[in-house]
Amino acid sequence: MAARPPAAAGPPFVEPAATPMPAAEVEARVARLQVTLRERELDAALIVQNADLFYFSGTVQQSYLHVPAEGEATLFVRRSVERARCESPLERVVELDGPRALTGALRALAGGLPRRVGLELDVLPVTAYERLLGLLPGAEAEDVGRAIVRQRAVKSPYEIDRIAAAAALVDAVWDYAPRVLRAGLTEAEFAGLVEAEARRLGHQGVIRMRGFNQEMFYGQLLTGPSATAPSFLDTPLAGTGLSPAVAQGVSFRTIAAGDPIVFDFVAVREGYTADFTRMLSLGPLPDAVRQAYAVALEAQAAVAAVARPGVTCRTVYESAVAVAERRGLGAHFMGCGAEQVRFIGHGVGLELDELPVLTTSDAPLEEGMVFALEPKFVLPGVGAVGVENTFVVERDGLRALTRAPEEPVEVPLGA
């Protein structure tokens with residue numbers, strides 16, 4: 001792979017402070033995908049989804065990434081080819097006049113059209129799928145999206161460093177949050193102050209999720225009973241949101257003295273995600289909240305005691321559930337009643353909902369996996385409470401990437 005060409009005169013194409021995707025990183029990822037293609041007797045994969053495009057090419061410019069089972073990958077770019085050439089370490093970056101030009105470009109530059117092609121069928125809309133097949137006459141399509149998701153579940157040292165940078169960002173935002181909390185603020189006002197600080201520190205703003213219709217804005221900064229509102233989002237906490245058009249997140253509720261405030265925040269920096277939850281309040285927290293928080297920390301410790309390579313997600317999940325049941329809070333763990341979710345953590349990376357999912361699955365943990373562990377409780381009429389940290393699975397257990405103190409912060413009412 002060749003080094004990036006220097007940027008042409010004119011508008012800047014790459015933020016100078018950004019970390020460029022190393023060529024060796026992309027080369028290793030493409031090679032791993034090619035092993036999968038050969039094992040499944042696929043001629044090539046054609047990748048179009050943004051997170052996967054970035055993973056394999058270092059750019060999200062409007063493109064088709066052609067990865068043959070053997071040979072060199074080619075990025076066919078519809079828009080903007082100048083940016084793609086600056087952002088991607090791939091040597092073969094080809095401009096397309098439009099989608100219909102892909103057929104001829106593959107014949108001319110990629111050794112012909114594939115007979116069996118891998119597509120991201122887990123995320124492609126039907127119309128996009130049909131359009132792609134129309135550009136590949138005679139091709140049979142097979143899903144390669146889930147294989148890509150499994151490949152992305154194990155992070156390289158480079159990716160772990162990127163997630164650690166996102167974790168450092170959210171640690172800094174947490175340090176800032178109590179300094180701007182004051183009586184009279186609404187949830188929306190408090191969230192806006194915190195989100196502005198995150199943006200100043202380099203939060204990219206966009207939070208990517210693979211699940212259909214799953215979406216989120218920065219996280220959930222919820223107070224008192226509003227934190228107990230369930231919704232469509234596949235998470236234990238949702239909040240009312242500002243309208244039914246969103247149905248999650250902050251409200252215009254004024255933060256009251258003694259309200260448990262759940263600071264559930266997603267940091268994304270240079271593509272990579274860290275997830276994090278801490279507790280704070282105006283004045284003292286209620287005793288019931290402090291007691292539940294102690295159980296959440298105990299559940300986190302129980303997971304840390306058993307989680308290591310080879311241990312199943314089921315074992316990890318059941319260790320946390322056992323703590324909640326033993327402490328009499330099983331009915332409130334990860335939601336309440338019919339709204340309970342059946343997981344206690346999820347993988348993070350380029351998307352917020354990656355593997356592993358810490359649920360009743362027999363899939364084993366692997367060294368290099370990174371997940372957010374989030375034991376939480378919903379207390380009707382009171383609020384929600386919990387802790388969340390982002391961990392990497394190492395040979396001997398877990399290492400926390402989010403490192404902020406876990407003790408709840410009680411902001412004096414007169415502050």
# chains A, B, ... in the order shown; residues from 1 in each chain; ligands from 1

$ residues_around --residues "Leu53 of chain A" --least-positions-apart "3" --cutoff "12 Å" --atoms "only C-alpha atoms" --output "NGL selection string"
:A and (26 or 29-30 or 45-50 or 56-67 or 73-77 or 84 or 87-88 or 90 or 120 or 145 or 148 or 271 or 350)

$ residues_around --residues "Gly368 of chain A" --least-positions-apart "2" --cutoff "9 Å" --atoms "only C-alpha atoms" --output "count of residues only"
14

$ closest_residue --among "A:Pro244, A:Pro225, A:Pro20, A:Gly386" --to "Pro408 of chain A" --atoms "only C-alpha atoms"
A:Gly386

$ closest_residue --among "A:Ser361, A:Glu270, A:Gln300, A:Val144" --to "Thr315 of chain A" --atoms "only C-alpha atoms"
A:Ser361

$ closest_residue --among "A:Asp171, A:Val357, A:Met334, A:Arg100" --to "Pro230 of chain A" --atoms "only C-alpha atoms"
A:Met334

$ select_by_dssp --residues "segment 171-310 of chain A" --states "strand (DSSP E)" --output "list in words"
Gly219, Gln220, Leu221, Leu222, Thr223, Ile261, Val262, Phe263, Asp264, Phe265, Val266, Ala267, Val268, Arg269, Tyr272, Thr273, Ala274, Asp275, Phe276, Thr277, Arg278, Met279, Leu280, Ser281 and Leu282 of chain A

$ write_last_selection --atoms "C-alpha atoms" --output "PDB file, in the first residue's frame"
ATOM      1  CA  GLY A 219     -26.242   9.450  25.644  1.00  0.00           C
ATOM      2  CA  GLN A 220     -28.841   9.699  28.389  1.00  0.00           C
ATOM      3  CA  LEU A 221     -28.507  12.396  31.074  1.00  0.00           C
ATOM      4  CA  LEU A 222     -31.638  11.585  33.058  1.00  0.00           C
ATOM      5  CA  THR A 223     -32.967  12.734  36.430  1.00  0.00           C
ATOM      6  CA  ILE A 261     -28.881  11.962  37.964  1.00  0.00           C
ATOM      7  CA  VAL A 262     -27.739   9.194  35.642  1.00  0.00           C
ATOM      8  CA  PHE A 263     -24.788  10.417  33.595  1.00  0.00           C
ATOM      9  CA  ASP A 264     -24.886   7.785  30.839  1.00  0.00           C
ATOM     10  CA  PHE A 265     -22.604   9.192  28.155  1.00  0.00           C
ATOM     11  CA  VAL A 266     -21.186   7.864  24.884  1.00  0.00           C
ATOM     12  CA  ALA A 267     -17.872   9.318  23.748  1.00  0.00           C
ATOM     13  CA  VAL A 268     -16.830   8.915  20.129  1.00  0.00           C
ATOM     14  CA  ARG A 269     -13.467  10.181  19.006  1.00  0.00           C
ATOM     15  CA  TYR A 272     -14.113   4.852  18.045  1.00  0.00           C
ATOM     16  CA  THR A 273     -16.548   4.602  20.952  1.00  0.00           C
ATOM     17  CA  ALA A 274     -16.368   4.372  24.731  1.00  0.00           C
ATOM     18  CA  ASP A 275     -19.496   4.038  26.897  1.00  0.00           C
ATOM     19  CA  PHE A 276     -19.694   5.270  30.482  1.00  0.00           C
ATOM     20  CA  THR A 277     -22.120   5.839  33.376  1.00  0.00           C
ATOM     21  CA  ARG A 278     -21.720   7.592  36.708  1.00  0.00           C
ATOM     22  CA  MET A 279     -24.124   9.095  39.272  1.00  0.00           C
ATOM     23  CA  LEU A 280     -24.462  12.614  40.647  1.00  0.00           C
ATOM     24  CA  SER A 281     -27.080  14.731  42.366  1.00  0.00           C
ATOM     25  CA  LEU A 282     -27.950  18.163  43.719  1.00  0.00           C
TER      26      LEU A 282
END

$ select_by_dssp --residues "segment 192-299 of chain A" --states "alpha helix (DSSP H)" --output "VMD selection string"
chain A and resid 192 to 200 287 to 299

$ closest_residue --among "A:Gly134, A:Gly383, A:Gly414, A:Gly337" --to "Pro286 of chain A" --atoms "only C-alpha atoms"
A:Gly383

$ closest_residue --among "A:Leu33, A:Ala110, A:Gly310, A:Pro375" --to "Ala322 of chain A" --atoms "only C-alpha atoms"
A:Pro375

$ residues_around --residues "Ala363 of chain A" --least-positions-apart "4" --cutoff "10 Å" --atoms "only C-alpha atoms" --output "JSON, numbers by chain"
{"A": [310, 311, 312, 313, 314, 315, 355, 356, 357, 358, 359]}

$ write_last_selection --atoms "N, CA and C atoms" --output "CSV table (one decimal), in the first residue's frame"
chain,number,residue,atom,x,y,z
A,310,GLY,N,-12.1,-17.2,26.8
A,310,GLY,CA,-12.7,-18.5,26.9
A,310,GLY,C,-13.9,-18.6,27.7
A,311,VAL,N,-14.2,-17.7,28.6
A,311,VAL,CA,-15.4,-17.7,29.4
A,311,VAL,C,-16.6,-17.2,28.6
A,312,THR,N,-17.7,-17.9,28.7
A,312,THR,CA,-18.8,-17.5,27.8
A,312,THR,C,-19.5,-16.3,28.3
A,313,CYS,N,-20.2,-15.7,27.4
A,313,CYS,CA,-21.1,-14.5,27.7
A,313,CYS,C,-22.1,-14.9,28.7
A,314,ARG,N,-22.6,-16.1,28.6
A,314,ARG,CA,-23.7,-16.6,29.6
A,314,ARG,C,-23.1,-16.6,31.0
A,315,THR,N,-21.9,-17.0,31.2
A,315,THR,CA,-21.3,-17.1,32.5
A,315,THR,C,-21.1,-15.7,33.1
A,355,LEU,N,-20.3,-6.8,18.9
A,355,LEU,CA,-20.0,-8.0,19.7
A,355,LEU,C,-18.8,-7.8,20.6
A,356,PRO,N,-18.8,-8.4,21.8
A,356,PRO,CA,-19.8,-9.4,22.3
A,356,PRO,C,-21.0,-8.7,23.0
A,357,VAL,N,-22.1,-9.4,23.0
A,357,VAL,CA,-23.3,-9.0,23.8
A,357,VAL,C,-23.3,-9.9,25.0
A,358,LEU,N,-23.3,-9.3,26.2
A,358,LEU,CA,-23.2,-10.1,27.4
A,358,LEU,C,-24.6,-10.5,27.8
A,359,THR,N,-25.0,-11.6,27.3
A,359,THR,CA,-26.3,-12.1,27.5
A,359,THR,C,-26.3,-13.6,27.7

$ residues_around --residues "Val289 of chain A" --least-positions-apart "3" --cutoff "12 Å" --atoms "only C-alpha atoms" --output "PyMOL selection string"
chain A and resi 224+258-262+279-281+284-286+292-296+329+376-386+408

$ residues_around --residues "Thr390 of chain A" --least-positions-apart "5" --cutoff "9 Å" --atoms "only C-alpha atoms" --output "VMD selection string"
chain A and resid 163 to 164 167 274 to 276 347 to 348 370 to 374 399 to 403

$ residues_around --residues "segment 135-141 of chain A" --least-positions-apart "5" --cutoff "12 Å" --atoms "only C-alpha atoms" --output "MDAnalysis selection string"
chainID A and resid 40:46 64 98:107 112:121 128:130

$ write_last_selection --atoms "C-alpha atoms" --output "mmCIF file, in the first residue's frame"
data_model
loop_
_atom_site.group_PDB
_atom_site.id
_atom_site.type_symbol
_atom_site.label_atom_id
_atom_site.label_comp_id
_atom_site.auth_asym_id
_atom_site.auth_seq_id
_atom_site.Cartn_x
_atom_site.Cartn_y
_atom_site.Cartn_z
ATOM 1 C CA ARG A 40 -16.767 -19.532 2.045
ATOM 2 C CA GLU A 41 -15.802 -19.846 -1.629
ATOM 3 C CA LEU A 42 -16.789 -16.261 -2.396
ATOM 4 C CA ASP A 43 -15.078 -14.485 -5.279
ATOM 5 C CA ALA A 44 -15.216 -11.070 -3.617
ATOM 6 C CA ALA A 45 -16.983 -8.799 -1.137
ATOM 7 C CA LEU A 46 -18.480 -5.434 -2.031
ATOM 8 C CA TYR A 64 -17.887 0.686 -3.232
ATOM 9 C CA GLY A 98 -21.888 7.189 -11.219
ATOM 10 C CA PRO A 99 -23.220 3.885 -9.892
ATOM 11 C CA ARG A 100 -23.760 2.400 -13.357
ATOM 12 C CA ALA A 101 -20.070 2.809 -14.092
ATOM 13 C CA LEU A 102 -19.251 0.185 -11.448
ATOM 14 C CA THR A 103 -19.986 -2.747 -13.770
ATOM 15 C CA GLY A 104 -17.498 -1.645 -16.411
ATOM 16 C CA ALA A 105 -14.935 -0.600 -13.806
ATOM 17 C CA LEU A 106 -14.994 -4.046 -12.202
ATOM 18 C CA ARG A 107 -14.558 -5.704 -15.586
ATOM 19 C CA GLY A 112 -14.147 -9.201 -14.072
ATOM 20 C CA LEU A 113 -17.462 -9.503 -12.275
ATOM 21 C CA PRO A 114 -17.761 -11.856 -9.295
ATOM 22 C CA ARG A 115 -19.949 -14.936 -9.636
ATOM 23 C CA ARG A 116 -20.434 -15.271 -5.863
ATOM 24 C CA VAL A 117 -20.249 -11.982 -3.973
ATOM 25 C CA GLY A 118 -20.444 -11.161 -0.272
ATOM 26 C CA LEU A 119 -22.694 -8.215 0.640
ATOM 27 C CA GLU A 120 -23.575 -6.668 4.007
ATOM 28 C CA LEU A 121 -27.059 -8.175 3.986
ATOM 29 C CA ALA A 128 -29.863 -1.011 -2.242
ATOM 30 C CA TYR A 129 -29.376 -4.776 -2.405
ATOM 31 C CA GLU A 130 -31.388 -5.053 -5.605
#

$ atom_distance --atom1 "atom CA of Leu201 of chain A" --atom2 "atom CA of Leu181 of chain A"
18.8 Å

$ closest_residue --among "A:Val94, A:Leu193, A:Ala198, A:Ala188" --to "Gly241 of chain A" --atoms "only C-alpha atoms"
A:Ala188

$ atom_distance --atom1 "atom CA of Asp353 of chain A" --atom2 "atom CA of Arg150 of chain A"
12.1 Å

$ atom_distance --atom1 "atom CA of Val126 of chain A" --atom2 "atom CA of Ala147 of chain A"
19.4 Å

$ decode --residues "segment 86-109 of chain A" --atoms "N, CA and C atoms" --output "JSON list (two decimals), in the first residue's frame"
[["chain", "number", "residue", "atom", "x", "y", "z"],
["A", 86, "CYS", "N", -6.95, 11.31, -0.03],
["A", 86, "CYS", "CA", -6.22, 11.86, 1.11],
["A", 86, "CYS", "C", -6.43, 11.04, 2.37],
["A", 87, "GLU", "N", -7.63, 10.47, 2.54],
["A", 87, "GLU", "CA", -7.98, 9.82, 3.79],
["A", 87, "GLU", "C", -7.60, 8.34, 3.82],
["A", 88, "SER", "N", -7.64, 7.67, 2.68],
["A", 88, "SER", "CA", -7.44, 6.22, 2.66],
["A", 88, "SER", "C", -5.99, 5.86, 2.34],
["A", 89, "PRO", "N", -5.46, 4.86, 3.03],
["A", 89, "PRO", "CA", -4.12, 4.37, 2.68],
["A", 89, "PRO", "C", -4.14, 3.37, 1.53],
["A", 90, "LEU", "N", -5.33, 3.02, 1.04],
["A", 90, "LEU", "CA", -5.39, 2.10, -0.10],
["A", 90, "LEU", "C", -4.73, 2.72, -1.32],
["A", 91, "GLU", "N", -3.99, 1.91, -2.06],
["A", 91, "GLU", "CA", -3.32, 2.41, -3.25],
["A", 91, "GLU", "C", -4.27, 2.54, -4.43],
["A", 92, "ARG", "N", -5.23, 1.62, -4.52],
["A", 92, "ARG", "CA", -6.14, 1.62, -5.67],
["A", 92, "ARG", "C", -7.43, 2.35, -5.30],
["A", 93, "VAL", "N", -7.48, 3.63, -5.61],
["A", 93, "VAL", "CA", -8.66, 4.48, -5.39],
["A", 93, "VAL", "C", -9.07, 5.02, -6.75],
["A", 94, "VAL", "N", -10.25, 4.62, -7.21],
["A", 94, "VAL", "CA", -10.69, 4.89, -8.59],
["A", 94, "VAL", "C", -11.96, 5.73, -8.56],
["A", 95, "GLU", "N", -12.00, 6.76, -9.37],
["A", 95, "GLU", "CA", -13.19, 7.60, -9.45],
["A", 95, "GLU", "C", -14.22, 6.97, -10.37],
["A", 96, "LEU", "N", -15.50, 7.01, -9.94],
["A", 96, "LEU", "CA", -16.61, 6.55, -10.76],
["A", 96, "LEU", "C", -17.47, 7.74, -11.16],
["A", 97, "ASP", "N", -17.94, 7.75, -12.39],
["A", 97, "ASP", "CA", -18.85, 8.81, -12.83],
["A", 97, "ASP", "C", -20.22, 8.66, -12.19],
["A", 98, "GLY", "N", -20.59, 7.46, -11.82],
["A", 98, "GLY", "CA", -21.89, 7.19, -11.22],
["A", 98, "GLY", "C", -22.00, 5.72, -10.93],
["A", 99, "PRO", "N", -23.08, 5.30, -10.26],
["A", 99, "PRO", "CA", -23.22, 3.89, -9.89],
["A", 99, "PRO", "C", -23.15, 2.93, -11.08],
["A", 100, "ARG", "N", -23.73, 3.32, -12.22],
["A", 100, "ARG", "CA", -23.76, 2.40, -13.36],
["A", 100, "ARG", "C", -22.38, 2.14, -13.94],
["A", 101, "ALA", "N", -21.43, 3.01, -13.60],
["A", 101, "ALA", "CA", -20.07, 2.81, -14.09],
["A", 101, "ALA", "C", -19.35, 1.69, -13.36],
["A", 102, "LEU", "N", -19.93, 1.22, -12.24],
["A", 102, "LEU", "CA", -19.25, 0.18, -11.45],
["A", 102, "LEU", "C", -19.06, -1.10, -12.26],
["A", 103, "THR", "N", -20.06, -1.49, -13.02],
["A", 103, "THR", "CA", -19.99, -2.75, -13.77],
["A", 103, "THR", "C", -18.77, -2.76, -14.70],
["A", 104, "GLY", "N", -18.63, -1.71, -15.50],
["A", 104, "GLY", "CA", -17.50, -1.64, -16.41],
["A", 104, "GLY", "C", -16.18, -1.51, -15.68],
["A", 105, "ALA", "N", -16.18, -0.78, -14.56],
["A", 105, "ALA", "CA", -14.93, -0.60, -13.81],
["A", 105, "ALA", "C", -14.46, -1.92, -13.22],
["A", 106, "LEU", "N", -15.38, -2.74, -12.73],
["A", 106, "LEU", "CA", -14.99, -4.05, -12.20],
["A", 106, "LEU", "C", -14.44, -4.93, -13.31],
["A", 107, "ARG", "N", -15.05, -4.90, -14.47],
["A", 107, "ARG", "CA", -14.56, -5.70, -15.59],
["A", 107, "ARG", "C", -13.16, -5.26, -16.01],
["A", 108, "ALA", "N", -12.95, -3.94, -16.02],
["A", 108, "ALA", "CA", -11.68, -3.41, -16.52],
["A", 108, "ALA", "C", -10.56, -3.46, -15.49],
["A", 109, "LEU", "N", -10.91, -3.25, -14.21],
["A", 109, "LEU", "CA", -9.87, -3.03, -13.20],
["A", 109, "LEU", "C", -9.80, -4.10, -12.12]]
